[in-house]
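Heads up, entry.cif below (mmCIF, C-alpha atoms):
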```cif
data_input
loop_
_atom_site.label_atom_id
_atom_site.label_comp_id
_atom_site.auth_asym_id
_atom_site.auth_seq_id
_atom_site.Cartn_x
_atom_site.Cartn_y
_atom_site.Cartn_z
CA MET A 1 -10.47 5.33 6.68
CA GLU A 2 -11.93 4.85 10.15
CA ILE A 3 -10.07 3.54 13.18
CA SER A 4 -11.52 2.07 16.36
CA THR A 5 -9.54 0.86 19.34
CA THR A 6 -10.59 -1.31 22.28
CA GLN A 7 -8.35 -1.68 25.29
CA TYR A 8 -8.25 -5.14 26.89
CA LYS A 9 -6.22 -6.17 29.92
CA ARG A 10 -3.68 -8.12 27.92
CA CYS A 11 -3.68 -6.18 24.66
CA ASP A 12 -5.17 -3.41 22.54
CA LEU A 13 -7.39 -4.26 19.59
CA VAL A 14 -7.27 -1.91 16.61
CA LYS A 15 -9.74 -2.11 13.74
CA VAL A 16 -9.64 -0.11 10.53
CA SER A 17 -12.18 0.17 7.78
CA GLY A 18 -11.38 1.59 4.35
CA ARG A 19 -8.15 2.35 2.53
CA ILE A 20 -4.69 2.56 4.09
CA ASP A 21 -2.74 4.66 1.56
CA SER A 22 -0.30 7.58 1.67
CA ALA A 23 -3.18 9.89 2.68
CA THR A 24 -4.40 7.80 5.60
CA ALA A 25 -1.36 5.79 6.77
CA PRO A 26 -0.12 8.66 9.02
CA GLN A 27 -3.39 8.48 11.02
CA LEU A 28 -2.89 4.77 11.60
CA GLN A 29 0.72 5.37 12.67
CA ASP A 30 -0.52 8.06 15.10
CA GLU A 31 -2.98 5.59 16.65
CA PHE A 32 -0.34 2.87 17.09
CA ASN A 33 2.04 5.50 18.53
CA ARG A 34 -0.62 6.68 20.98
CA ILE A 35 -1.02 3.11 22.28
CA MET A 36 2.74 2.47 22.48
CA ASN A 37 3.27 5.79 24.26
CA GLU A 38 1.14 4.35 27.08
CA ASN A 39 3.71 1.55 27.32
CA ARG A 40 1.28 -0.91 25.77
CA TYR A 41 3.10 -3.05 23.23
CA ARG A 42 0.73 -5.96 22.63
CA ILE A 43 -1.47 -4.89 19.76
CA VAL A 44 -3.92 -6.96 17.70
CA PHE A 45 -4.75 -5.41 14.33
CA ASN A 46 -8.03 -6.70 12.87
CA MET A 47 -7.84 -6.08 9.09
CA GLU A 48 -11.26 -7.54 8.21
CA SER A 49 -12.65 -4.24 6.89
CA VAL A 50 -9.44 -2.95 5.27
CA ASP A 51 -10.22 -2.55 1.56
CA PHE A 52 -6.71 -1.67 0.47
CA ILE A 53 -3.17 -1.31 1.86
CA SER A 54 -0.31 0.34 -0.04
CA SER A 55 3.40 0.25 0.73
CA ALA A 56 2.84 3.35 2.90
CA GLY A 57 0.55 1.21 5.08
CA LEU A 58 3.01 -1.68 5.07
CA ARG A 59 5.70 0.70 6.36
CA VAL A 60 3.44 1.57 9.31
CA LEU A 61 3.07 -2.14 10.15
CA ILE A 62 6.84 -2.73 9.99
CA SER A 63 7.78 0.28 12.10
CA THR A 64 5.12 -0.58 14.70
CA GLN A 65 6.25 -4.20 14.84
CA LYS A 66 9.87 -3.10 15.36
CA THR A 67 8.88 -0.85 18.27
CA CYS A 68 6.58 -3.46 19.86
CA LYS A 69 9.14 -6.25 19.67
CA ARG A 70 12.02 -4.27 21.15
CA TYR A 71 13.21 -5.77 24.48
CA ASN A 72 10.73 -8.64 23.90
CA ARG A 73 8.01 -6.47 25.36
CA GLY A 74 5.28 -7.37 22.88
CA GLU A 75 4.25 -7.67 19.27
CA LEU A 76 1.85 -6.49 16.61
CA ALA A 77 -0.32 -9.45 15.60
CA LEU A 78 -2.61 -9.46 12.58
CA THR A 79 -6.00 -11.09 12.27
CA ASN A 80 -8.92 -11.58 9.84
CA LEU A 81 -6.95 -10.83 6.67
CA PRO A 82 -9.12 -10.44 3.54
CA THR A 83 -7.80 -12.43 0.55
CA ASN A 84 -6.39 -9.40 -1.29
CA ILE A 85 -4.66 -8.03 1.80
CA ASP A 86 -3.19 -11.47 2.45
CA ALA A 87 -1.82 -11.49 -1.12
CA ALA A 88 -0.24 -8.05 -0.64
CA LEU A 89 1.44 -9.08 2.63
CA ASP A 90 2.65 -12.27 0.98
CA LEU A 91 4.12 -10.40 -2.02
CA ALA A 92 5.93 -7.99 0.31
CA GLY A 93 7.35 -10.92 2.28
CA PHE A 94 5.55 -9.75 5.43
CA LYS A 95 3.94 -13.01 6.45
CA ALA A 96 7.09 -14.26 8.14
CA LEU A 97 7.33 -11.08 10.21
CA PHE A 98 3.95 -11.22 11.98
CA ASN A 99 1.85 -13.75 13.83
CA ILE A 100 -1.30 -13.99 11.76
CA TYR A 101 -4.56 -15.31 13.24
CA LYS A 102 -7.83 -16.36 11.66
CA SER A 103 -10.05 -14.87 14.35
CA GLU A 104 -9.97 -11.98 16.79
CA ILE A 105 -10.55 -14.33 19.75
CA ASP A 106 -7.56 -16.46 18.74
CA ALA A 107 -5.38 -13.40 18.35
CA ILE A 108 -6.37 -11.85 21.69
CA GLY A 109 -6.02 -15.19 23.47
CA ASN A 110 -2.58 -15.98 22.09
CA ILE A 111 -0.77 -12.65 21.89
CA MET B 1 -10.13 5.39 -23.76
CA GLU B 2 -10.76 7.58 -20.75
CA THR B 3 -8.50 10.35 -19.47
CA GLN B 4 -8.64 12.37 -16.28
CA THR B 5 -6.34 14.80 -14.49
CA PHE B 6 -5.98 14.86 -10.70
CA PRO B 7 -4.21 17.30 -8.36
CA GLY B 8 -0.94 15.78 -7.12
CA ARG B 9 -1.85 15.27 -3.50
CA TYR B 10 -2.44 12.18 -1.37
CA GLU B 11 -6.14 13.01 -0.98
CA SER B 12 -6.50 12.33 -4.73
CA LEU B 13 -5.47 8.68 -4.32
CA ALA B 14 -8.93 7.38 -3.37
CA GLU B 15 -10.51 9.27 -6.28
CA ILE B 16 -7.83 7.98 -8.69
CA SER B 17 -8.48 4.46 -7.44
CA ASN B 18 -12.22 4.82 -8.09
CA PHE B 19 -11.60 6.15 -11.61
CA VAL B 20 -9.28 3.27 -12.54
CA LYS B 21 -11.32 0.54 -10.83
CA LYS B 22 -14.53 1.64 -12.55
CA PHE B 23 -12.92 1.33 -15.98
CA ALA B 24 -11.23 -1.99 -15.10
CA LYS B 25 -14.49 -3.44 -13.75
CA SER B 26 -16.33 -2.42 -16.92
CA ASN B 27 -13.77 -4.58 -18.75
CA SER B 28 -14.50 -7.50 -16.39
CA PHE B 29 -11.45 -7.30 -14.13
CA ASP B 30 -12.37 -8.41 -10.63
CA GLY B 31 -10.99 -10.06 -7.47
CA LEU B 32 -7.22 -10.11 -7.06
CA ALA B 33 -6.60 -8.87 -10.63
CA LEU B 34 -8.56 -5.70 -9.84
CA TYR B 35 -6.69 -5.32 -6.54
CA THR B 36 -3.28 -5.62 -8.26
CA ILE B 37 -4.28 -2.81 -10.66
CA GLU B 38 -5.41 -0.63 -7.74
CA THR B 39 -2.08 -1.28 -6.01
CA ALA B 40 0.09 -0.50 -9.05
CA VAL B 41 -1.73 2.78 -9.76
CA ASP B 42 -1.67 3.84 -6.11
CA GLU B 43 2.06 3.15 -5.77
CA ALA B 44 2.82 4.94 -9.06
CA CYS B 45 0.87 8.06 -8.06
CA SER B 46 2.28 8.09 -4.50
CA ASN B 47 5.80 7.94 -6.00
CA ILE B 48 5.00 10.84 -8.33
CA ILE B 49 3.84 13.03 -5.44
CA GLU B 50 6.71 12.03 -3.13
CA HIS B 51 9.59 11.81 -5.59
CA ALA B 52 8.81 13.52 -8.94
CA TYR B 53 7.04 16.52 -7.39
CA GLY B 54 8.88 16.26 -4.06
CA GLU B 55 5.78 17.17 -2.06
CA GLU B 56 2.01 17.54 -2.33
CA ASN B 57 0.31 20.24 -4.43
CA ASN B 58 3.24 20.75 -6.79
CA GLY B 59 1.64 19.58 -10.04
CA ASP B 60 -0.98 17.38 -11.65
CA ILE B 61 -1.20 13.68 -12.43
CA ASN B 62 -2.75 12.77 -15.78
CA ILE B 63 -4.15 9.26 -16.19
CA SER B 64 -5.35 7.59 -19.38
CA ILE B 65 -6.79 4.11 -19.38
CA ASP B 66 -7.78 1.86 -22.25
CA PHE B 67 -8.45 -1.78 -23.03
CA ILE B 68 -6.44 -2.98 -26.05
CA ASP B 69 -5.61 -6.51 -27.25
CA ASN B 70 -6.88 -8.17 -24.08
CA GLY B 71 -4.82 -5.83 -21.88
CA LEU B 72 -5.73 -2.95 -19.60
CA VAL B 73 -3.31 -0.17 -20.58
CA ILE B 74 -2.72 2.57 -18.01
CA ILE B 75 -0.63 5.63 -18.89
CA ILE B 76 0.30 7.98 -16.05
CA LYS B 77 2.00 11.32 -16.77
CA ASP B 78 3.50 14.00 -14.56
CA ARG B 79 5.69 17.06 -15.08
CA GLY B 80 7.94 16.58 -12.09
CA LYS B 81 11.61 15.62 -11.86
CA PRO B 82 12.69 12.84 -14.24
CA PHE B 83 12.23 9.50 -12.53
CA ASP B 84 14.91 6.84 -13.01
CA PRO B 85 13.67 3.48 -11.72
CA LYS B 86 17.27 2.18 -11.80
CA LYS B 87 18.06 4.50 -8.91
CA ILE B 88 15.51 2.82 -6.65
CA LYS B 89 17.15 0.12 -4.56
CA LYS B 90 15.56 -3.31 -4.62
CA PRO B 91 13.66 -3.92 -1.39
CA ASN B 92 15.13 -6.19 1.25
CA LEU B 93 12.66 -9.04 1.60
CA SER B 94 14.54 -10.65 4.48
CA ASP B 95 12.71 -12.63 7.12
CA HIS B 96 14.65 -10.72 9.77
CA LEU B 97 12.54 -7.88 11.08
CA GLU B 98 15.44 -5.60 11.97
CA GLU B 99 16.82 -5.78 8.43
CA ARG B 100 13.57 -4.73 6.85
CA GLU B 101 13.24 -1.12 5.78
CA ALA B 102 10.15 -1.34 3.59
CA HIS B 103 11.43 1.22 1.09
CA GLY B 104 11.40 0.36 -2.61
CA LEU B 105 8.40 -1.88 -1.97
CA GLY B 106 6.02 0.20 -4.09
CA LEU B 107 8.01 -0.19 -7.30
CA TYR B 108 8.59 -3.85 -6.53
CA MET B 109 4.84 -4.47 -6.16
CA MET B 110 4.11 -2.63 -9.42
CA LYS B 111 6.63 -4.76 -11.31
CA GLN B 112 5.54 -8.01 -9.75
CA TRP B 113 1.83 -7.48 -10.26
CA MET B 114 1.67 -5.78 -13.67
CA ASP B 115 2.61 -7.62 -16.85
CA GLU B 116 4.47 -4.64 -18.26
CA VAL B 117 5.91 -1.53 -16.58
CA HIS B 118 7.80 1.06 -18.68
CA PHE B 119 9.17 4.44 -17.62
CA GLU B 120 10.08 7.16 -20.12
CA PHE B 121 10.91 10.86 -19.87
CA LYS B 122 9.86 12.77 -22.96
CA LYS B 123 8.76 16.33 -23.71
CA GLN B 124 9.45 17.29 -20.08
CA GLU B 125 7.07 14.60 -18.83
CA ASN B 126 7.48 11.34 -16.97
CA VAL B 127 5.37 8.80 -18.85
CA LEU B 128 4.67 5.53 -17.09
CA THR B 129 2.93 2.80 -19.07
CA MET B 130 1.58 -0.28 -17.28
CA ILE B 131 -0.31 -3.18 -18.82
CA LYS B 132 -2.29 -5.90 -17.09
CA TYR B 133 -3.45 -8.68 -19.39
CA LYS B 134 -6.73 -10.42 -18.87
CA ASP B 135 -6.31 -13.80 -17.14
CA SER B 136 -2.57 -13.28 -16.65
#
```
Can you dump the structure from the file as structure tokens?
Amino acid sequence: MEISTTQYKRCDLVKVSGRIDSATAPQLQDEFNRIMNENRYRIVFNMESVDFISSAGLRVLISTQKTCKRYNRGELALTNLPTNIDAALDLAGFKALFNIYKSEIDAIGNI
Amino acid sequence: METQTFPGRYESLAEISNFVKKFAKSNSFDGLALYTIETAVDEACSNIIEHAYGEENNGDINISIDFIDNGLVIIIKDRGKPFDPKKIKKPNLSDHLEEREAHGLGLYMMKQWMDEVHFEFKKQENVLTMIKYKDS
């Protein structure tokens, strides 16, 4: 799994390529924590190159969303979901818990 | 049938996934069906490491895979603590963020996405059998 982050004025954009499983999910949590520790709570997560996400990865998304949304200070928004990842989020009942965008520009503009 | 043994650690998950996907693809599983198989196997093996063995590097995971009667049959064995799926709470799928804990999701995904999921404990081994039928 590889993570890249770009800091914009209004939000941070995080992109991951590869698998998010029990081996790699802690790295993703560390990256979200690093951003939130700088008091930045508007995060766009581009999942276009995510091949796989397990429940360990879903737990990272939930815990990050809870921290971002506290005191209405921000949110974790998702964008560019591949079909399989979309199906996994749907099965887990996650689609009601996140704003989901089709494109990165939409997500960054609306978060 | 193909069988392979992997060390019970999270680093093995990608390798396990490749092993299972290769066999499933050779039996013409693709798209979402292939992804559901990858998910079920990943969740099963993560549970073994976390719950049956209690931590990483505490024992092996043995995986056999076969294609029988139009179904991909996956048998996963470990020698950790007996696993009782009845003890795993059903996940809370509430729309309210604060109520969501995201535990129990792995087992839920396995059961939803596989056609059959059976747990047994015999001869000091946990034996998990999962079947995914073609075009199910």
Would you kindly report the residues of chain B within 10 Å of chain A, using all atoms listed in the file, as a PDB file with C-alpha atoms, in the coordinates of the input?
```pdb
ATOM      1  CA  ARG B   9      -1.850  15.270  -3.500  1.00  0.00           C
ATOM      2  CA  TYR B  10      -2.440  12.180  -1.370  1.00  0.00           C
ATOM      3  CA  GLU B  11      -6.140  13.010  -0.980  1.00  0.00           C
ATOM      4  CA  SER B  12      -6.500  12.330  -4.730  1.00  0.00           C
ATOM      5  CA  LEU B  13      -5.470   8.680  -4.320  1.00  0.00           C
ATOM      6  CA  ALA B  14      -8.930   7.380  -3.370  1.00  0.00           C
ATOM      7  CA  GLY B  31     -10.990 -10.060  -7.470  1.00  0.00           C
ATOM      8  CA  LEU B  32      -7.220 -10.110  -7.060  1.00  0.00           C
ATOM      9  CA  ALA B  33      -6.600  -8.870 -10.630  1.00  0.00           C
ATOM     10  CA  LEU B  34      -8.560  -5.700  -9.840  1.00  0.00           C
ATOM     11  CA  TYR B  35      -6.690  -5.320  -6.540  1.00  0.00           C
ATOM     12  CA  THR B  36      -3.280  -5.620  -8.260  1.00  0.00           C
ATOM     13  CA  GLU B  38      -5.410  -0.630  -7.740  1.00  0.00           C
ATOM     14  CA  THR B  39      -2.080  -1.280  -6.010  1.00  0.00           C
ATOM     15  CA  ALA B  40       0.090  -0.500  -9.050  1.00  0.00           C
ATOM     16  CA  ASP B  42      -1.670   3.840  -6.110  1.00  0.00           C
ATOM     17  CA  GLU B  43       2.060   3.150  -5.770  1.00  0.00           C
ATOM     18  CA  CYS B  45       0.870   8.060  -8.060  1.00  0.00           C
ATOM     19  CA  SER B  46       2.280   8.090  -4.500  1.00  0.00           C
ATOM     20  CA  ASN B  47       5.800   7.940  -6.000  1.00  0.00           C
ATOM     21  CA  ILE B  49       3.840  13.030  -5.440  1.00  0.00           C
ATOM     22  CA  GLU B  50       6.710  12.030  -3.130  1.00  0.00           C
ATOM     23  CA  PRO B  91      13.660  -3.920  -1.390  1.00  0.00           C
ATOM     24  CA  ASN B  92      15.130  -6.190   1.250  1.00  0.00           C
ATOM     25  CA  LEU B  93      12.660  -9.040   1.600  1.00  0.00           C
ATOM     26  CA  SER B  94      14.540 -10.650   4.480  1.00  0.00           C
ATOM     27  CA  ASP B  95      12.710 -12.630   7.120  1.00  0.00           C
ATOM     28  CA  HIS B  96      14.650 -10.720   9.770  1.00  0.00           C
ATOM     29  CA  LEU B  97      12.540  -7.880  11.080  1.00  0.00           C
ATOM     30  CA  GLU B  98      15.440  -5.600  11.970  1.00  0.00           C
ATOM     31  CA  ARG B 100      13.570  -4.730   6.850  1.00  0.00           C
ATOM     32  CA  GLU B 101      13.240  -1.120   5.780  1.00  0.00           C
ATOM     33  CA  ALA B 102      10.150  -1.340   3.590  1.00  0.00           C
ATOM     34  CA  HIS B 103      11.430   1.220   1.090  1.00  0.00           C
ATOM     35  CA  GLY B 104      11.400   0.360  -2.610  1.00  0.00           C
ATOM     36  CA  LEU B 105       8.400  -1.880  -1.970  1.00  0.00           C
ATOM     37  CA  GLY B 106       6.020   0.200  -4.090  1.00  0.00           C
ATOM     38  CA  LEU B 107       8.010  -0.190  -7.300  1.00  0.00           C
ATOM     39  CA  TYR B 108       8.590  -3.850  -6.530  1.00  0.00           C
ATOM     40  CA  MET B 109       4.840  -4.470  -6.160  1.00  0.00           C
ATOM     41  CA  GLN B 112       5.540  -8.010  -9.750  1.00  0.00           C
ATOM     42  CA  TRP B 113       1.830  -7.480 -10.260  1.00  0.00           C
TER      43      TRP B 113
END
```
Inset, instruction - Given the file shown, enumerate the residues that the PyMOL selection byres ((chain A and resi 101) around 8) captures and present them as a PyMOL selection string. - result: chain A and resi 77-80+99-100+102-104+106-107
Legend entry - Explicit residues for the PyMOL selection byres ((chain B and resi 126) around 10) (as an NGL selection string): :B and (48 or 52 or 76-84 or 119-125 or 127-129)
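Of note, CA of Ala24 in chain B and CA of Pro85 in chain B are spaced 25.7 Å apart.
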Excluding Val41 in chain B and its own-chain neighbours fewer than 4 positions away, which residues fall within 8 Å of it when counting all atoms listed in the file? Please give them as a tab-separated table (two decimals) with C-alpha atoms, keeping the file's coordinate frame.
```
chain	number	residue	atom	x	y	z
B	17	SER	CA	-8.48	4.46	-7.44
B	37	ILE	CA	-4.28	-2.81	-10.66
B	45	CYS	CA	0.87	8.06	-8.06
B	110	MET	CA	4.11	-2.63	-9.42
```
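In terms of minimum interatomic distance to Glu55 in chain B, B:Pro7 ranks closest within B:Asp30, B:Glu2, B:Gly71, B:Pro7, counting all atoms listed in the file.
Pairwise distance (CA of Asn27 in chain B, CA of Val117 in chain B) equals 20.0 Å.
Applied to this file, the PyMOL selection byres ((chain B and resi 60) around 8) selects B:Thr5, B:Phe6, B:Pro7, B:Gly8, B:Asn57, B:Asn58, B:Gly59, B:Ile61, B:Asn62, B:Asp78, B:Arg79.
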Inset, instruction - Could you check how far CA of Ile16 in chain B sits from CA of Ser64 in chain B, in Å to one decimal? - result: 11.0 Å
Where's the centre, and what are the edge lengths in Å to one decimal, of a box along x, y and z enclosing all listed atoms of range 22-34 of chain A padded 5 Å per side, as lines of an AutoDock Vina configuration file?
```
center_x = -1.2
center_y = 6.4
center_z = 11.3
size_x = 16.4
size_y = 17.0
size_z = 29.3
```
Inset, instruction - Would you please work out which residue, of A:Gly57, A:Ala25, A:Ile111, A:Cys11, is nearest to Glu38 in chain A when using only C-alpha atoms? - result: A:Cys11
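If you measure from each of A:Tyr8, A:Tyr41, A:Phe32, A:Tyr71 to Gly109 in chain A using all atoms listed in the file, the closest one turns out to be A:Tyr8.
Between His118 in chain B and the candidates B:Lys90, B:Ile75, B:Ile63, B:Asp135, the tightest atom-to-atom separation, counting only C-alpha atoms, involves B:Ile75.
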Export of range 38-61 of chain A: N, CA and C atoms, as a JSON list (two decimals), in the first residue's frame:
```
[["chain", "number", "residue", "atom", "x", "y", "z"],
["A", 38, "GLU", "N", -2.72, 18.12, 13.25],
["A", 38, "GLU", "CA", -2.41, 19.51, 12.87],
["A", 38, "GLU", "C", -3.67, 20.35, 12.87],
["A", 39, "ASN", "N", -4.71, 19.83, 13.53],
["A", 39, "ASN", "CA", -6.02, 20.51, 13.59],
["A", 39, "ASN", "C", -6.63, 20.72, 12.22],
["A", 40, "ARG", "N", -6.38, 19.78, 11.33],
["A", 40, "ARG", "CA", -7.01, 19.81, 10.01],
["A", 40, "ARG", "C", -7.99, 18.65, 9.94],
["A", 41, "TYR", "N", -9.27, 18.99, 9.83],
["A", 41, "TYR", "CA", -10.32, 17.97, 9.95],
["A", 41, "TYR", "C", -11.17, 17.85, 8.70],
["A", 42, "ARG", "N", -10.77, 18.52, 7.61],
["A", 42, "ARG", "CA", -11.49, 18.31, 6.35],
["A", 42, "ARG", "C", -10.58, 17.51, 5.44],
["A", 43, "ILE", "N", -10.96, 16.23, 5.28],
["A", 43, "ILE", "CA", -10.09, 15.30, 4.54],
["A", 43, "ILE", "C", -10.88, 14.65, 3.41],
["A", 44, "VAL", "N", -10.30, 14.70, 2.21],
["A", 44, "VAL", "CA", -10.88, 14.00, 1.06],
["A", 44, "VAL", "C", -10.02, 12.75, 0.82],
["A", 45, "PHE", "N", -10.69, 11.61, 0.77],
["A", 45, "PHE", "CA", -9.97, 10.35, 0.55],
["A", 45, "PHE", "C", -10.32, 9.82, -0.84],
["A", 46, "ASN", "N", -9.34, 9.91, -1.75],
["A", 46, "ASN", "CA", -9.53, 9.40, -3.11],
["A", 46, "ASN", "C", -9.18, 7.91, -3.14],
["A", 47, "MET", "N", -10.21, 7.07, -3.41],
["A", 47, "MET", "CA", -10.03, 5.61, -3.32],
["A", 47, "MET", "C", -9.85, 4.95, -4.69],
["A", 48, "GLU", "N", -9.61, 5.78, -5.71],
["A", 48, "GLU", "CA", -9.52, 5.28, -7.09],
["A", 48, "GLU", "C", -8.57, 4.08, -7.26],
["A", 49, "SER", "N", -7.42, 4.13, -6.57],
["A", 49, "SER", "CA", -6.42, 3.07, -6.76],
["A", 49, "SER", "C", -6.39, 2.07, -5.62],
["A", 50, "VAL", "N", -7.45, 2.08, -4.78],
["A", 50, "VAL", "CA", -7.54, 1.08, -3.71],
["A", 50, "VAL", "C", -8.05, -0.22, -4.34],
["A", 51, "ASP", "N", -7.26, -1.29, -4.22],
["A", 51, "ASP", "CA", -7.66, -2.57, -4.82],
["A", 51, "ASP", "C", -8.60, -3.34, -3.92],
["A", 52, "PHE", "N", -8.43, -3.11, -2.59],
["A", 52, "PHE", "CA", -9.13, -3.95, -1.64],
["A", 52, "PHE", "C", -9.22, -3.23, -0.30],
["A", 53, "ILE", "N", -10.38, -3.33, 0.39],
["A", 53, "ILE", "CA", -10.48, -2.81, 1.75],
["A", 53, "ILE", "C", -11.19, -3.85, 2.62],
["A", 54, "SER", "N", -10.56, -4.21, 3.74],
["A", 54, "SER", "CA", -11.17, -5.18, 4.66],
["A", 54, "SER", "C", -11.85, -4.42, 5.78],
["A", 55, "SER", "N", -12.44, -5.17, 6.72],
["A", 55, "SER", "CA", -13.12, -4.50, 7.84],
["A", 55, "SER", "C", -12.12, -3.70, 8.68],
["A", 56, "ALA", "N", -10.83, -4.11, 8.66],
["A", 56, "ALA", "CA", -9.81, -3.33, 9.38],
["A", 56, "ALA", "C", -9.70, -1.94, 8.76],
["A", 57, "GLY", "N", -9.79, -1.86, 7.44],
["A", 57, "GLY", "CA", -9.75, -0.57, 6.75],
["A", 57, "GLY", "C", -11.02, 0.22, 7.01],
["A", 58, "LEU", "N", -12.16, -0.47, 7.03],
["A", 58, "LEU", "CA", -13.43, 0.22, 7.29],
["A", 58, "LEU", "C", -13.42, 0.84, 8.69],
["A", 59, "ARG", "N", -12.78, 0.15, 9.65],
["A", 59, "ARG", "CA", -12.71, 0.69, 11.02],
["A", 59, "ARG", "C", -11.91, 1.99, 11.05],
["A", 60, "VAL", "N", -10.87, 2.07, 10.20],
["A", 60, "VAL", "CA", -10.07, 3.31, 10.12],
["A", 60, "VAL", "C", -10.95, 4.46, 9.61],
["A", 61, "LEU", "N", -11.78, 4.16, 8.59],
["A", 61, "LEU", "CA", -12.64, 5.20, 8.03],
["A", 61, "LEU", "C", -13.64, 5.70, 9.08]]
```
